[in-house]
$ cat input_6.txt   # compact mmCIF, C-alpha atoms and all ligand atoms
# COMPACT_ATOMS: atom_id res chain seq x y z
CA MET S 1 -15.08 10.04 29.66
CA THR S 2 -18.64 9.27 28.67
CA ILE S 3 -20.11 10.20 25.33
CA SER S 4 -23.65 10.22 24.09
CA PRO S 5 -24.45 7.17 21.91
CA PRO S 6 -23.71 7.45 18.17
CA THR S 7 -26.36 9.12 16.09
CA ASN S 8 -25.83 7.06 12.97
CA PRO S 9 -26.55 6.52 10.15
CA PRO S 10 -25.55 9.69 8.31
CA PRO S 11 -28.38 11.57 6.61
CA THR S 12 -27.67 10.36 3.06
CA LYS S 13 -27.06 6.69 2.41
CA PRO S 14 -25.98 5.68 -1.09
CA ASP S 15 -27.18 2.25 -2.33
CA TRP S 16 -23.69 0.84 -2.49
CA LEU S 17 -23.27 1.57 1.21
CA THR S 18 -26.42 -0.09 2.47
CA ASP S 19 -26.08 -3.04 0.04
CA GLY S 20 -22.36 -3.56 0.74
CA TRP S 21 -22.77 -3.17 4.50
CA ASN S 22 -23.96 -6.77 4.64
CA HIS S 23 -20.79 -7.97 2.93
CA VAL S 24 -17.82 -5.93 4.04
CA TRP S 25 -15.87 -6.66 7.20
CA LEU S 26 -14.38 -3.56 8.78
CA PRO S 27 -10.92 -3.22 10.38
CA TYR S 28 -10.65 -3.51 14.17
CA ALA S 29 -14.43 -3.33 14.51
CA GLN S 30 -17.03 -5.21 16.49
CA MET S 31 -19.44 -5.58 13.59
CA GLN S 32 -22.46 -5.99 15.84
CA THR S 33 -22.09 -2.51 17.28
CA ALA S 34 -19.97 -0.69 14.69
CA PRO S 35 -21.63 2.46 13.39
CA LEU S 36 -22.21 2.68 9.65
CA PRO S 37 -19.08 4.35 8.22
CA ALA S 38 -19.34 7.76 6.58
CA PRO S 39 -19.45 7.39 2.79
CA ALA S 40 -16.54 9.32 1.21
CA ILE S 41 -16.74 10.26 -2.44
CA ARG S 42 -13.83 12.63 -3.05
CA THR S 43 -10.58 13.82 -1.48
CA GLU S 44 -8.46 16.90 -2.10
CA GLY S 45 -5.68 18.38 0.02
CA SER S 46 -6.72 17.75 3.62
CA ARG S 47 -10.42 17.53 2.79
CA ILE S 48 -12.74 14.57 2.50
CA THR S 49 -16.08 15.11 0.75
CA LEU S 50 -18.91 12.88 1.97
CA ALA S 51 -21.81 11.61 -0.11
CA ASP S 52 -24.19 14.09 1.53
CA GLY S 53 -21.94 16.99 0.50
CA ARG S 54 -20.37 17.58 3.90
CA VAL S 55 -16.63 18.28 3.85
CA LEU S 56 -14.42 16.99 6.66
CA ILE S 57 -10.89 18.13 7.47
CA ASP S 58 -8.72 15.05 7.83
CA GLY S 59 -6.68 15.25 11.03
CA ILE S 60 -4.91 11.93 10.63
CA ALA S 61 -3.90 11.92 6.94
CA SER S 62 -5.66 8.63 6.17
CA TRP S 63 -3.99 6.45 8.79
CA TRP S 64 -0.74 8.45 8.63
CA THR S 65 -0.17 8.05 4.90
CA ALA S 66 -1.20 11.19 2.98
CA CYS S 67 1.78 13.35 3.98
CA HIS S 68 1.35 15.80 1.05
CA GLY S 69 -2.43 15.85 1.35
CA TYR S 70 -4.74 13.89 -0.93
CA ASN S 71 -4.53 14.01 -4.73
CA HIS S 72 -1.31 15.93 -4.95
CA PRO S 73 -1.09 16.92 -8.64
CA HIS S 74 2.57 15.90 -8.95
CA ILE S 75 1.95 12.40 -7.59
CA ARG S 76 -1.27 12.04 -9.56
CA ALA S 77 0.52 12.95 -12.81
CA ALA S 78 3.34 10.48 -12.14
CA VAL S 79 0.89 7.65 -11.42
CA ALA S 80 -1.29 8.53 -14.44
CA GLN S 81 1.76 8.40 -16.70
CA GLN S 82 2.84 5.05 -15.25
CA LEU S 83 -0.72 3.75 -15.70
CA GLU S 84 -0.49 4.55 -19.42
CA THR S 85 2.70 2.58 -19.96
CA MET S 86 2.84 -0.26 -17.42
CA PRO S 87 0.55 -0.47 -14.36
CA HIS S 88 2.15 -3.66 -13.14
CA ILE S 89 4.76 -6.21 -14.05
CA MET S 90 6.21 -9.06 -12.03
CA PHE S 91 9.52 -8.33 -10.29
CA GLY S 92 10.94 -11.86 -10.59
CA GLY S 93 13.24 -11.79 -13.61
CA LEU S 94 12.00 -8.44 -14.97
CA ALA S 95 13.17 -4.96 -14.09
CA HIS S 96 11.45 -1.62 -14.29
CA GLU S 97 12.69 1.92 -13.89
CA PRO S 98 10.36 3.16 -11.11
CA ALA S 99 11.52 0.45 -8.68
CA TYR S 100 15.22 0.64 -9.55
CA ARG S 101 15.21 4.42 -9.29
CA LEU S 102 13.27 4.27 -6.02
CA ALA S 103 15.71 1.75 -4.51
CA THR S 104 18.63 4.02 -5.44
CA ARG S 105 16.92 7.08 -3.98
CA LEU S 106 15.84 5.36 -0.75
CA ALA S 107 19.34 3.96 -0.21
CA ALA S 108 20.72 7.50 -0.55
CA LEU S 109 18.42 8.67 2.27
CA MET S 110 19.44 5.88 4.62
CA PRO S 111 22.40 5.92 7.01
CA ALA S 112 25.72 4.77 5.54
CA GLY S 113 25.80 1.02 5.02
CA LEU S 114 22.05 0.50 4.54
CA GLU S 115 21.83 0.18 0.79
CA ARG S 116 19.79 -2.90 -0.10
CA VAL S 117 16.02 -2.49 -0.58
CA PHE S 118 13.45 -5.28 -0.61
CA PHE S 119 10.01 -4.08 -1.75
CA THR S 120 6.74 -5.50 -0.45
CA ASP S 121 3.12 -4.37 -0.41
CA SER S 122 2.30 -3.66 3.22
CA GLY S 123 3.96 -2.60 6.43
CA SER S 124 3.32 -5.91 8.18
CA VAL S 125 4.99 -7.80 5.37
CA ALA S 126 7.95 -5.41 5.38
CA VAL S 127 8.40 -6.26 9.07
CA GLU S 128 7.99 -10.00 8.35
CA VAL S 129 10.78 -9.70 5.78
CA ALA S 130 12.97 -7.82 8.28
CA LEU S 131 12.47 -10.59 10.87
CA LYS S 132 13.11 -13.27 8.26
CA ILE S 133 16.32 -11.58 7.12
CA ALA S 134 17.56 -11.21 10.70
CA LEU S 135 16.91 -14.91 11.35
CA GLN S 136 18.10 -16.34 8.05
CA SER S 137 21.32 -14.33 8.05
CA ARG S 138 22.22 -16.29 11.18
CA LEU S 139 21.10 -19.63 9.78
CA ASN S 140 23.20 -18.93 6.69
CA GLN S 141 26.21 -18.60 9.00
CA GLY S 142 25.41 -21.89 10.71
CA GLU S 143 24.05 -20.24 13.85
CA THR S 144 20.77 -22.00 14.71
CA THR S 145 20.04 -21.18 18.34
CA ARG S 146 19.31 -17.45 18.20
CA THR S 147 15.67 -17.36 17.16
CA LYS S 148 14.00 -14.78 19.38
CA PHE S 149 13.51 -11.04 19.17
CA LEU S 150 13.57 -8.47 21.90
CA ALA S 151 10.54 -6.20 21.45
CA PHE S 152 8.77 -3.68 23.66
CA HIS S 153 5.73 -3.01 25.76
CA GLY S 154 3.58 -0.55 23.80
CA GLY S 155 5.12 -1.67 20.51
CA TYR S 156 3.19 -2.31 17.31
CA HIS S 157 4.60 -3.89 14.17
CA GLY S 158 1.63 -5.31 12.28
CA ASP S 159 -1.26 -7.75 12.31
CA THR S 160 0.22 -10.86 10.67
CA PHE S 161 1.25 -13.78 12.85
CA ALA S 162 4.98 -13.09 12.95
CA THR S 163 4.41 -9.39 13.62
CA MET S 164 1.67 -9.91 16.24
CA ALA S 165 4.27 -11.86 18.21
CA VAL S 166 6.49 -8.77 18.54
CA CYS S 167 3.61 -6.41 19.46
CA ASP S 168 2.67 -5.39 22.97
CA PRO S 169 1.51 -8.60 24.72
CA GLU S 170 -1.35 -6.91 26.55
CA GLU S 171 -3.06 -6.11 23.30
CA GLY S 172 -5.48 -9.00 23.27
CA MET S 173 -4.22 -10.85 20.26
CA HIS S 174 -1.31 -12.28 22.25
CA ASN S 175 -3.70 -13.89 24.70
CA LEU S 176 -6.14 -15.03 22.06
CA PHE S 177 -3.47 -16.67 19.92
CA ALA S 178 -1.02 -17.46 22.71
CA ASP S 179 -0.45 -21.05 21.57
CA MET S 180 0.05 -20.06 17.95
CA LEU S 181 2.49 -17.19 18.38
CA THR S 182 6.25 -17.43 18.66
CA ASN S 183 7.35 -16.55 22.15
CA HIS S 184 9.58 -13.51 21.93
CA ILE S 185 11.03 -11.44 24.75
CA ILE S 186 8.98 -8.33 25.48
CA ALA S 187 10.78 -5.76 27.64
CA PRO S 188 10.16 -2.23 28.92
CA LEU S 189 11.70 0.48 26.74
CA PRO S 190 14.86 1.68 28.50
CA THR S 191 13.85 5.29 29.17
CA ASN S 192 14.79 5.92 32.84
CA PRO S 193 17.11 4.33 35.40
CA ALA S 194 14.53 1.75 36.50
CA SER S 195 13.49 0.67 33.02
CA ILE S 196 17.12 0.68 31.85
CA ALA S 197 18.02 -1.69 34.68
CA ALA S 198 15.04 -3.93 33.88
CA PHE S 199 15.85 -3.91 30.18
CA ASP S 200 19.55 -4.63 30.76
CA ALA S 201 18.70 -7.58 33.00
CA ILE S 202 16.31 -9.04 30.43
CA ALA S 203 18.80 -8.56 27.58
CA ALA S 204 21.57 -10.23 29.58
CA ARG S 205 19.35 -13.15 30.61
CA HIS S 206 18.19 -13.87 27.06
CA ALA S 207 21.23 -12.76 25.04
CA ARG S 208 22.12 -16.24 23.82
CA GLU S 209 18.66 -16.90 22.33
CA LEU S 210 18.26 -13.46 20.77
CA ALA S 211 18.61 -12.70 17.09
CA GLY S 212 17.63 -9.04 17.20
CA ILE S 213 15.84 -6.06 18.69
CA ILE S 214 12.86 -4.41 17.00
CA VAL S 215 11.61 -0.95 17.93
CA GLU S 216 9.60 1.97 16.56
CA PRO S 217 12.14 4.79 16.90
CA LEU S 218 11.05 7.86 18.94
CA VAL S 219 7.30 7.15 18.80
CA GLN S 220 5.28 4.04 19.49
CA GLY S 221 2.39 4.90 17.19
CA ALA S 222 -0.43 2.36 17.41
CA GLY S 223 0.56 1.70 21.02
CA GLY S 224 -0.81 5.13 21.93
CA MET S 225 1.58 7.74 20.44
CA ARG S 226 4.09 7.25 23.24
CA PHE S 227 7.33 9.20 22.83
CA HIS S 228 10.80 8.23 24.00
CA PRO S 229 14.10 10.13 23.82
CA PRO S 230 16.93 9.48 21.33
CA GLU S 231 19.08 8.19 24.22
CA THR S 232 16.80 5.15 24.35
CA LEU S 233 17.78 4.29 20.79
CA ARG S 234 21.46 4.78 21.58
CA HIS S 235 21.07 2.38 24.49
CA LEU S 236 19.47 -0.18 22.17
CA ARG S 237 22.33 0.21 19.68
CA ALA S 238 24.91 -0.29 22.44
CA THR S 239 23.04 -3.38 23.68
CA ALA S 240 22.76 -4.80 20.17
CA ASP S 241 26.49 -4.25 19.63
CA HIS S 242 27.38 -5.78 22.98
CA TYR S 243 25.46 -9.02 22.31
CA GLY S 244 25.81 -9.12 18.52
CA LEU S 245 22.10 -8.51 17.77
CA THR S 246 20.43 -7.18 14.62
CA LEU S 247 18.79 -3.82 15.37
CA ILE S 248 15.58 -3.17 13.42
CA PHE S 249 14.01 0.32 13.32
CA ASP S 250 10.39 0.08 12.23
CA GLU S 251 9.90 3.55 10.69
CA ILE S 252 6.59 2.67 9.05
CA PHE S 253 4.87 5.37 11.09
CA THR S 254 7.77 7.69 11.89
CA GLY S 255 9.21 7.89 8.36
CA PHE S 256 8.78 10.77 5.92
CA GLY S 257 8.83 13.81 8.16
CA ARG S 258 6.34 12.80 10.83
CA THR S 259 8.74 13.32 13.75
CA GLY S 260 10.23 16.52 12.30
CA THR S 261 13.18 14.92 10.52
CA LEU S 262 12.79 12.91 7.33
CA PHE S 263 13.38 9.76 9.39
CA ALA S 264 13.39 9.30 13.16
CA TYR S 265 16.78 7.54 13.16
CA GLN S 266 18.38 10.87 12.21
CA GLN S 267 17.53 12.39 15.61
CA SER S 268 19.34 9.59 17.43
CA GLY S 269 22.54 9.43 15.43
CA VAL S 270 22.05 5.65 15.55
CA THR S 271 22.50 3.44 12.52
CA PRO S 272 20.25 0.38 12.77
CA ASP S 273 20.86 -2.74 10.66
CA ILE S 274 17.40 -2.75 9.06
CA ILE S 275 14.79 -0.02 8.52
CA THR S 276 11.20 -0.71 7.46
CA LEU S 277 9.10 1.87 5.61
CA SER S 278 5.52 2.00 4.35
CA LYS S 279 2.53 4.25 5.31
CA ALA S 280 3.65 7.63 3.81
CA LEU S 281 6.06 6.02 1.31
CA THR S 282 3.72 6.65 -1.63
CA GLY S 283 2.24 9.81 -0.11
CA GLY S 284 -0.85 7.79 0.72
CA THR S 285 -1.51 6.93 -2.91
CA SER S 286 -1.22 3.14 -3.02
CA PRO S 287 0.19 0.27 -0.99
CA LEU S 288 3.95 -0.15 -0.99
CA ALA S 289 6.54 -1.01 1.64
CA ALA S 290 10.29 -1.39 1.81
CA THR S 291 12.73 -3.27 4.02
CA ILE S 292 16.13 -1.61 3.80
CA VAL S 293 19.04 -3.73 4.91
CA SER S 294 22.72 -3.25 5.71
CA THR S 295 25.29 -4.51 3.26
CA THR S 296 26.74 -6.64 6.05
CA LEU S 297 23.45 -8.52 6.48
CA PHE S 298 22.89 -8.73 2.73
CA ASN S 299 26.33 -10.30 2.28
CA HIS S 300 25.31 -13.21 4.52
CA PHE S 301 22.92 -14.28 1.77
CA LEU S 302 25.62 -14.40 -0.91
CA ALA S 303 26.85 -17.94 -1.60
CA PRO S 304 27.00 -20.47 -4.41
CA ASP S 305 24.29 -22.37 -2.49
CA PRO S 306 20.77 -21.43 -3.77
CA ALA S 307 19.32 -22.39 -0.36
CA LYS S 308 21.06 -19.36 1.16
CA ALA S 309 18.97 -16.97 -0.94
CA LEU S 310 16.19 -14.93 0.65
CA MET S 311 13.04 -16.88 -0.14
CA HIS S 312 10.44 -14.14 -0.33
CA GLY S 313 8.61 -12.51 -3.22
CA PRO S 314 5.12 -11.05 -2.98
CA THR S 315 3.22 -11.23 -6.28
CA PHE S 316 2.77 -7.47 -6.43
CA MET S 317 6.15 -6.53 -4.97
CA ALA S 318 7.59 -3.26 -6.30
CA ASN S 319 4.34 -2.48 -8.11
CA PRO S 320 5.26 0.19 -10.70
CA LEU S 321 2.29 2.44 -9.86
CA GLY S 322 3.31 2.47 -6.20
CA CYS S 323 6.97 3.03 -7.06
CA ALA S 324 6.03 5.91 -9.40
CA ALA S 325 3.99 7.45 -6.58
CA ALA S 326 6.86 6.99 -4.12
CA ASN S 327 9.36 8.61 -6.50
CA ALA S 328 7.00 11.54 -7.00
CA SER S 329 6.57 11.80 -3.21
CA LEU S 330 10.36 11.96 -2.78
CA ASP S 331 10.46 14.72 -5.45
CA LEU S 332 8.11 16.72 -3.24
CA PHE S 333 10.27 16.22 -0.15
CA GLU S 334 13.21 17.51 -2.23
CA ARG S 335 11.40 20.48 -3.77
CA GLU S 336 9.20 21.69 -0.95
CA ASN S 337 10.16 22.26 2.65
CA ARG S 338 8.08 19.57 4.28
CA LEU S 339 10.25 19.39 7.39
CA ALA S 340 9.78 23.10 8.10
CA GLN S 341 6.05 22.56 7.56
CA ALA S 342 6.10 19.65 10.04
CA THR S 343 7.87 21.80 12.63
CA ALA S 344 5.39 24.66 12.12
CA LEU S 345 2.42 22.29 12.51
CA GLY S 346 3.97 20.92 15.69
CA ALA S 347 4.45 24.39 17.13
CA GLN S 348 0.86 25.35 16.32
CA MET S 349 -0.49 22.12 17.86
CA GLN S 350 1.60 22.77 20.96
CA THR S 351 0.13 26.27 21.30
CA GLU S 352 -3.45 25.30 20.60
CA LEU S 353 -3.62 21.98 22.46
CA ALA S 354 -1.59 22.96 25.56
CA PRO S 355 -4.53 24.79 27.21
CA LEU S 356 -6.41 21.47 27.27
CA ARG S 357 -4.00 20.21 29.94
CA THR S 358 -6.32 21.62 32.57
CA ALA S 359 -9.51 20.24 31.01
CA PRO S 360 -11.38 17.49 32.88
CA HIS S 361 -10.15 13.93 32.18
CA VAL S 362 -7.01 15.13 30.36
CA ILE S 363 -3.85 13.58 31.77
CA ASP S 364 -1.31 14.68 29.15
CA VAL S 365 -0.87 16.86 26.08
CA ARG S 366 2.26 16.27 24.00
CA THR S 367 3.64 17.05 20.57
CA LEU S 368 6.61 15.84 18.53
CA GLY S 369 7.23 16.82 14.93
CA ALA S 370 3.81 16.86 13.27
CA ILE S 371 2.17 14.69 15.93
CA GLY S 372 -0.19 16.16 18.51
CA VAL S 373 -1.67 14.07 21.32
CA VAL S 374 -4.31 14.69 23.95
CA GLN S 375 -4.33 11.81 26.38
CA LEU S 376 -7.40 11.26 28.55
CA LYS S 377 -7.93 9.13 31.65
CA SER S 378 -9.84 6.76 29.42
CA ILE S 379 -12.14 6.83 26.42
CA GLU S 380 -15.15 4.67 26.97
CA ASN S 381 -16.42 4.60 23.41
CA PRO S 382 -13.90 5.76 20.78
CA ALA S 383 -16.39 5.18 17.92
CA ALA S 384 -18.95 7.45 19.59
CA LEU S 385 -16.30 10.10 20.18
CA ARG S 386 -15.37 9.88 16.50
CA THR S 387 -19.00 10.54 15.58
CA GLU S 388 -19.06 13.46 17.99
CA LEU S 389 -15.95 14.91 16.32
CA MET S 390 -17.56 14.52 12.89
CA ARG S 391 -20.28 16.90 13.99
CA HIS S 392 -17.50 19.50 13.97
CA ASN S 393 -16.70 18.52 10.36
CA VAL S 394 -13.37 16.93 11.16
CA TRP S 395 -12.07 13.41 10.63
CA ILE S 396 -10.22 12.36 13.79
CA ARG S 397 -10.06 8.81 15.00
CA PRO S 398 -9.50 8.49 18.77
CA PHE S 399 -8.23 5.14 19.99
CA ARG S 400 -7.18 3.71 23.36
CA ASP S 401 -7.01 6.72 25.64
CA ILE S 402 -5.91 9.33 23.12
CA ILE S 403 -7.27 11.87 20.69
CA TYR S 404 -4.40 12.65 18.32
CA LEU S 405 -3.55 14.57 15.17
CA THR S 406 -1.14 13.49 12.43
CA PRO S 407 -2.14 15.99 9.75
CA ALA S 408 -0.84 16.17 6.20
CA LEU S 409 2.40 18.14 6.37
CA THR S 410 0.88 20.56 3.85
CA MET S 411 -2.10 21.47 6.03
CA SER S 412 -2.93 25.18 6.35
CA PRO S 413 -2.91 26.88 9.78
CA ASP S 414 -6.65 27.53 9.46
CA GLU S 415 -7.44 23.88 8.83
CA LEU S 416 -5.25 22.86 11.76
CA SER S 417 -6.99 25.38 14.02
CA ARG S 418 -10.33 23.84 13.14
CA LEU S 419 -8.99 20.43 14.17
CA THR S 420 -7.62 21.62 17.49
CA ALA S 421 -10.83 23.59 18.14
CA ALA S 422 -12.90 20.43 17.53
CA ILE S 423 -10.74 18.48 19.98
CA GLY S 424 -11.10 21.31 22.48
CA ALA S 425 -14.86 21.27 22.10
CA VAL S 426 -15.27 17.53 22.71
CA VAL S 427 -12.74 17.42 25.53
CA LYS S 428 -14.29 20.33 27.38
CA GLY S 429 -17.72 18.83 26.58
C1 LIG Z 501 0.97 0.54 10.48
C2 LIG Z 501 2.22 -0.05 11.00
C3 LIG Z 501 2.63 -1.35 10.63
C4 LIG Z 501 1.79 -2.24 9.77
O1 LIG Z 501 1.63 -1.73 8.48
P1 LIG Z 501 0.42 -2.30 7.58
O2 LIG Z 501 0.66 -1.66 6.25
O3 LIG Z 501 -0.83 -1.85 8.23
O4 LIG Z 501 0.56 -3.77 7.54
C5 LIG Z 501 3.83 -1.81 11.13
N1 LIG Z 501 4.60 -1.06 11.93
C6 LIG Z 501 4.25 0.19 12.30
C7 LIG Z 501 5.16 0.98 13.18
C8 LIG Z 501 3.04 0.72 11.87
O5 LIG Z 501 2.68 1.94 12.27
$ encode --input "input_6.txt" --output "structure tokens"
Amino acid sequence: MTISPPTNPPPTKPDWLTDGWNHVWLPYAQMQTAPLPAPAIRTEGSRITLADGRVLIDGIASWWTACHGYNHPHIRAAVAQQLETMPHIMFGGLAHEPAYRLATRLAALMPAGLERVFFTDSGSVAVEVALKIALQSRLNQGETTRTKFLAFHGGYHGDTFATMAVCDPEEGMHNLFADMLTNHIIAPLPTNPASIAAFDAIAARHARELAGIIVEPLVQGAGGMRFHPPETLRHLRATADHYGLTLIFDEIFTGFGRTGTLFAYQQSGVTPDIITLSKALTGGTSPLAATIVSTTLFNHFLAPDPAKALMHGPTFMANPLGCAAANASLDLFERENRLAQATALGAQMQTELAPLRTAPHVIDVRTLGAIGVVQLKSIENPAALRTELMRHNVWIRPFRDIIYLTPALTMSPDELSRLTAAIGAVVKG
């Protein structure tokens, strides 16, 4: 669809914005044409206050992180208390309660057998650690030839070099860095008889060079909010078992209620060997990630030989502020019925977005858990569409061919209706 050109800049421009504009480099942005971002000065619940006093309803929970809304008082209090006593301390050789408690609590939420938690500071690094563990566990057993991963079209696992190599190959970076990226095996997700046959053939052909399979369970997020059924994950588990592969579920997007269950793996009944978490782990408060590993894999690192240890340790790993926020976020999942809220949001999105199916350019409307997606034939200028949506006082960030909502699970029905109405308005034009 075509959109009128962006009418930037916003009416009020603070000094720090215009001064800093010449020095910051924005994410995923062509800086020559990128519109000046909207200056945010305060957040509360699902609302973002801009410097000019406008208030936007956040439809995407700050890149899928703020699952309890912004500034939740319980999380804020926990972080403030941690800030008083110990904002950070190195994790090598020193222990602190927030991280040890968090590891115990996360392990209790994982399927049986996944009980070892390695903390990092971003989702990409959590995936890097998962890949490293899958590879080194084999090296530690003297198996040196299985060095590749089976990953999927439409998949996204991060922006670092190791993770780019397991992302969808069409996504530009593969081509740009082709010579610098490890060549992994990228297959279609086995979702129907044809793709199952194609996947099975690829798995069989490459089995002897494969170390593992990595997938985003139930939803490929950054790849365009593409859903697949739990049977797909069961097929991956069966394939991994058949060929002796490590199965990694990247739940960085799907974790913490987004798909309607606390974790997506629960809907499949499948136990993977590694699960990665980040995004909503701290309720959107601060960066933290976790790679949670089966005892079987962990045991392959136990030996008198120091060279068999896992050689990884980010400077800020298990940051106490982040761990305090994550513990407080888990308290909220225990005390308040976030999963019922997610289901209710999903039902409301289904009702309010479904009529857009017949709108011009719309090719699909779908919901799962607290995810709502309107897929268009194409979106010519996602940044311009974003600006258009802001005129309706909502913060929604279309990308690829979709306009989607991943609201805070605490969002009120009224706020959600304003989001779906804004989408309706721009789609119907
Ligand atoms: C966002 C995301 C990542 C990368 O996390 P960062 O914190 O941005 O590095 C990895 N995997 C999935 C599924 C994601 O959604």
$ atom_distance --input "input_6.txt" --atom1 "atom CA of S:Leu281" --atom2 "atom CA of S:Gly93"
24.3 Å
$ closest_atom_pairs --input "input_6.txt" --of "chain S" --to "ligand LIG 501 (chain Z)" --cutoff "6 Å" --atoms "all atoms listed in the file" --output "Markdown table"
| residue | atom | partner | partner_atom | distance |
| --- | --- | --- | --- | --- |
| S:Ser122 | CA | Z:LIG501 | O2 | 4.0 |
| S:Gly123 | CA | Z:LIG501 | O1 | 3.2 |
| S:Ser124 | CA | Z:LIG501 | O4 | 3.6 |
| S:Tyr156 | CA | Z:LIG501 | C7 | 5.6 |
| S:His157 | CA | Z:LIG501 | N1 | 3.6 |
| S:Gly158 | CA | Z:LIG501 | C4 | 4.0 |
| S:Glu216 | CA | Z:LIG501 | C7 | 5.7 |
| S:Gly221 | CA | Z:LIG501 | O5 | 5.7 |
| S:Asp250 | CA | Z:LIG501 | C7 | 5.4 |
| S:Glu251 | CA | Z:LIG501 | C7 | 5.9 |
| S:Ile252 | CA | Z:LIG501 | C7 | 4.7 |
| S:Phe253 | CA | Z:LIG501 | O5 | 4.2 |
$ residues_near_point --input "input_6.txt" --point "(-1.2, 22.0, 23.8)" --cutoff "12 Å" --atoms "only C-alpha atoms" --output "MDAnalysis selection string"
chainID S and resid 345:359 362:368 371:375 404:405 417 420:421 423:424
$ residues_around --input "input_6.txt" --residues "S:Lys279" --least-positions-apart "6" --cutoff "10 Å" --atoms "all atoms listed in the file" --output "list of chain:residue names"
S:Ser62, S:Trp63, S:Trp64, S:Thr65, S:Ala66, S:Cys67, S:Ser122, S:Gly123, S:Glu251, S:Ile252, S:Phe253, S:Thr254, S:Gly255, S:Phe256, S:Thr285, S:Ser286, S:Pro287, S:Leu288, S:Ala289
$ closest_residue --input "input_6.txt" --among "S:Ile403, S:Leu36, S:Leu106, S:Ala370" --to "S:Val219" --atoms "all atoms listed in the file"
S:Ala370
$ residues_around --input "input_6.txt" --residues "S:Leu114" --least-positions-apart "4" --cutoff "10 Å" --atoms "only C-alpha atoms" --output "list in words"
Leu106, Ala107, Ala108, Leu109, Met110, Thr271, Pro272, Asp273, Ile274, Ile275, Ile292, Val293, Ser294, Thr295, Thr296, Leu297 and Phe298 of chain S
$ axis_aligned_box --input "input_6.txt" --around "stretch 54-65 of chain S" --padding-each-side "6 Å" --output "AutoDock Vina command-line options"
--center_x -10.3 --center_y 12.4 --center_z 7.4 --size_x 32.2 --size_y 23.8 --size_z 19.2
